[in-house]
Structure formats: structure tokens, C-alpha cells
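**Student:** What follows is a single structure, and I will ask about it in a moment.
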Amino acid sequence: MSARREINTLIDLARKVGQAFCDKNTFQETSSDPIIQEWKYQGAKFRMNFQKTQSDEIAIENCYAQMRKKLTELNLGAPSESSMRLVSNFAKVEELILLDELWEELDANNQS
């Protein structure tokens, strides 16, 4: 996957997860370069800078590593299959699926 496509995929997934999990009315995103996403989850602040024009593979790997770290700090780790089966609320299942997609992307980058 090209570096530009890789970072755009991460930005899109991070946006969806941020909008799904953020405390009410706390999601904000700038549309310039860098793109900055800010939101709160259970009162804790999340802030991530994405350099869309970045093509350096090391910088992209650092961005992915930073995303993994920030999500872990917010206790938004990858959901387990059993936790997804236990949830009966459809909206909550959709949130967990989004989070799982983001973690799959982050893990794919970590293994390459």
C-alpha cells in the first residue's frame, strides 16, 4: 500500500472511531495539513496530528505507533471476539466493529 493511501486509511478510520466513541459534542478535526483530530473519551483527551503530505515510511510507522499508544492510554484496546458477542445493543456492536477495524489496520502496520 502506498504511504499516502496508508495514512489516508488511518485518518479515515481514526475519524470514524473518534466520532463513535467521543463524549458528546467533543469531536473536532482541522482540514489543513497537518490534520488534527481532538476529542474526549470518558473525560480523557485524545489529540492526534496526521501529516497528509508525509511520504517517509518511518514517519508513517511513528504515526501508527503513536495511535496505538494513545488508544491504549484511553483504554480503547482491540475488542475481543467474546466481548463483541456479549453486547446486545446494535449501536455498541457497530462501535466495537469500527474499533476492531482500526486495530486491524494498526496491527497490519506493526507486522510489516
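Simple scheme: letters A, B, ... for chains in C-alpha cells order, numbers from 1 for residues in each chain, numbers from 1 for ligands in the order shown.
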Counting only C-alpha atoms, what is within 12 Å of range 71-83 of chain A, bar same-chain residues fewer than 4 positions away, as a compact mmCIF listing (two decimals) with N, CA and C atoms, in the first residue's frame?
**Tutor:**
```
# COMPACT_ATOMS: atom_id res chain seq x y z
N ALA A 14 -9.57 6.56 12.05
CA ALA A 14 -9.48 7.31 13.31
C ALA A 14 -10.66 8.27 13.45
N VAL A 17 -13.79 6.17 14.40
CA VAL A 17 -13.71 5.73 15.81
C VAL A 17 -13.90 6.92 16.74
N GLY A 18 -13.24 8.03 16.43
CA GLY A 18 -13.38 9.22 17.26
C GLY A 18 -14.82 9.70 17.35
N ALA A 20 -17.48 7.90 16.88
CA ALA A 20 -18.30 6.89 17.53
C ALA A 20 -18.10 6.85 19.04
N PHE A 21 -16.88 7.07 19.50
CA PHE A 21 -16.58 6.90 20.92
C PHE A 21 -16.47 8.20 21.71
N CYS A 22 -16.41 9.34 21.05
CA CYS A 22 -16.18 10.60 21.77
C CYS A 22 -17.34 10.93 22.70
N TRP A 39 -10.70 14.90 20.56
CA TRP A 39 -11.96 14.52 21.16
C TRP A 39 -11.70 14.01 22.56
N LYS A 40 -12.76 13.85 23.30
CA LYS A 40 -12.64 13.32 24.66
C LYS A 40 -13.40 12.00 24.74
N TYR A 41 -12.84 11.10 25.52
CA TYR A 41 -13.48 9.81 25.78
C TYR A 41 -13.49 9.62 27.28
N GLN A 42 -14.67 9.58 27.86
CA GLN A 42 -14.85 9.48 29.31
C GLN A 42 -14.01 10.54 30.03
N GLY A 43 -14.01 11.75 29.46
CA GLY A 43 -13.33 12.88 30.06
C GLY A 43 -11.85 13.00 29.72
N ALA A 44 -11.24 11.93 29.20
CA ALA A 44 -9.82 11.96 28.85
C ALA A 44 -9.66 12.49 27.42
N LYS A 45 -8.66 13.33 27.22
CA LYS A 45 -8.47 13.99 25.93
C LYS A 45 -7.63 13.14 24.98
N PHE A 46 -8.07 13.08 23.73
CA PHE A 46 -7.34 12.43 22.64
C PHE A 46 -6.99 13.52 21.64
N ARG A 47 -5.74 13.56 21.22
CA ARG A 47 -5.30 14.52 20.20
C ARG A 47 -4.28 13.83 19.32
N MET A 48 -4.50 13.90 18.03
CA MET A 48 -3.60 13.24 17.09
C MET A 48 -3.37 14.13 15.89
N TYR A 64 1.51 5.51 13.28
CA TYR A 64 0.76 4.31 13.67
C TYR A 64 1.08 3.93 15.12
N ALA A 65 2.35 3.99 15.50
CA ALA A 65 2.75 3.65 16.86
C ALA A 65 2.13 4.64 17.85
N GLN A 66 2.11 5.90 17.49
CA GLN A 66 1.52 6.92 18.35
C GLN A 66 0.02 6.68 18.52
N MET A 67 -0.66 6.29 17.44
CA MET A 67 -2.09 6.00 17.52
C MET A 67 -2.33 4.80 18.45
N VAL A 87 -22.30 -8.17 23.64
CA VAL A 87 -23.01 -6.89 23.52
C VAL A 87 -24.31 -7.12 22.75
N SER A 88 -25.40 -6.67 23.35
CA SER A 88 -26.70 -6.85 22.69
C SER A 88 -27.18 -5.59 21.98
N LYS A 92 -23.74 -0.32 19.87
CA LYS A 92 -22.48 -0.63 20.56
C LYS A 92 -21.67 -1.64 19.75
N VAL A 93 -22.35 -2.60 19.12
CA VAL A 93 -21.65 -3.57 18.28
C VAL A 93 -20.98 -2.85 17.11
N GLU A 94 -21.67 -1.90 16.50
CA GLU A 94 -21.09 -1.14 15.39
C GLU A 94 -19.84 -0.37 15.85
N GLU A 95 -19.89 0.21 17.04
CA GLU A 95 -18.73 0.91 17.59
C GLU A 95 -17.56 -0.05 17.74
N LEU A 96 -17.82 -1.23 18.29
CA LEU A 96 -16.76 -2.21 18.50
C LEU A 96 -16.19 -2.70 17.18
N ILE A 97 -17.03 -2.81 16.16
CA ILE A 97 -16.55 -3.22 14.84
C ILE A 97 -15.61 -2.16 14.26
N LEU A 98 -15.97 -0.89 14.41
CA LEU A 98 -15.10 0.21 13.96
C LEU A 98 -13.76 0.18 14.68
N LEU A 99 -13.82 -0.02 16.00
CA LEU A 99 -12.59 -0.07 16.78
C LEU A 99 -11.75 -1.27 16.35
N ASP A 100 -12.39 -2.39 16.09
CA ASP A 100 -11.68 -3.58 15.63
C ASP A 100 -11.02 -3.33 14.28
N GLU A 101 -11.70 -2.65 13.36
CA GLU A 101 -11.13 -2.32 12.05
C GLU A 101 -9.89 -1.44 12.20
N LEU A 102 -9.97 -0.47 13.10
CA LEU A 102 -8.82 0.41 13.32
C LEU A 102 -7.64 -0.39 13.87
N TRP A 103 -7.90 -1.25 14.84
CA TRP A 103 -6.82 -2.05 15.41
C TRP A 103 -6.24 -3.04 14.40
N GLU A 104 -7.08 -3.57 13.51
CA GLU A 104 -6.54 -4.45 12.45
C GLU A 104 -5.59 -3.67 11.56
N GLU A 105 -5.93 -2.45 11.21
CA GLU A 105 -5.05 -1.60 10.41
C GLU A 105 -3.76 -1.30 11.17
N LEU A 106 -3.87 -0.97 12.44
CA LEU A 106 -2.69 -0.67 13.25
C LEU A 106 -1.80 -1.89 13.40
N ASP A 107 -2.39 -3.05 13.60
CA ASP A 107 -1.61 -4.27 13.74
C ASP A 107 -0.95 -4.68 12.42
```
**Student:** Based on the backbone DSSP call, show me all residues of chain A assigned alpha helix (DSSP H), as an MDAnalysis selection string.
**Tutor:** chainID A and resid 3:21 57:73 81:86 90:111
**Student:** Run DSSP on the backbone of this structure and report the residues of range 23-73 of chain A it assigns to strand (DSSP E or B), as a ChimeraX atom specification.
**Tutor:** /A:28-29,35-41,44-50
**Student:** In Å, rounded to a single decimal, give me how far CA of Ile58 in chain A is from CA of Gln19 in chain A.
**Tutor:**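 Interatomic distance here is 27.6 Å.
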**Student:** How many Å separate CA of Ile36 in chain A from CA of Glu6 in chain A?
**Tutor:** 16.8 Å
**Student:** Do you know which residues are at most 12 Å from Arg4 in chain A counting only C-alpha atoms, after dropping those on the same chain fewer than 5 positions away, and could you put them as a ChimeraX atom specification?
**Tutor:** /A:9-11,50-57,59-60
**Student:** Rounded to one decimal, what separation in Å do you get between CA of Asp23 in chain A and CA of Arg5 in chain A?
**Tutor:**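 Spanning CA of Asp23 in chain A to CA of Arg5 in chain A is a straight-line distance of 28.8 Å.
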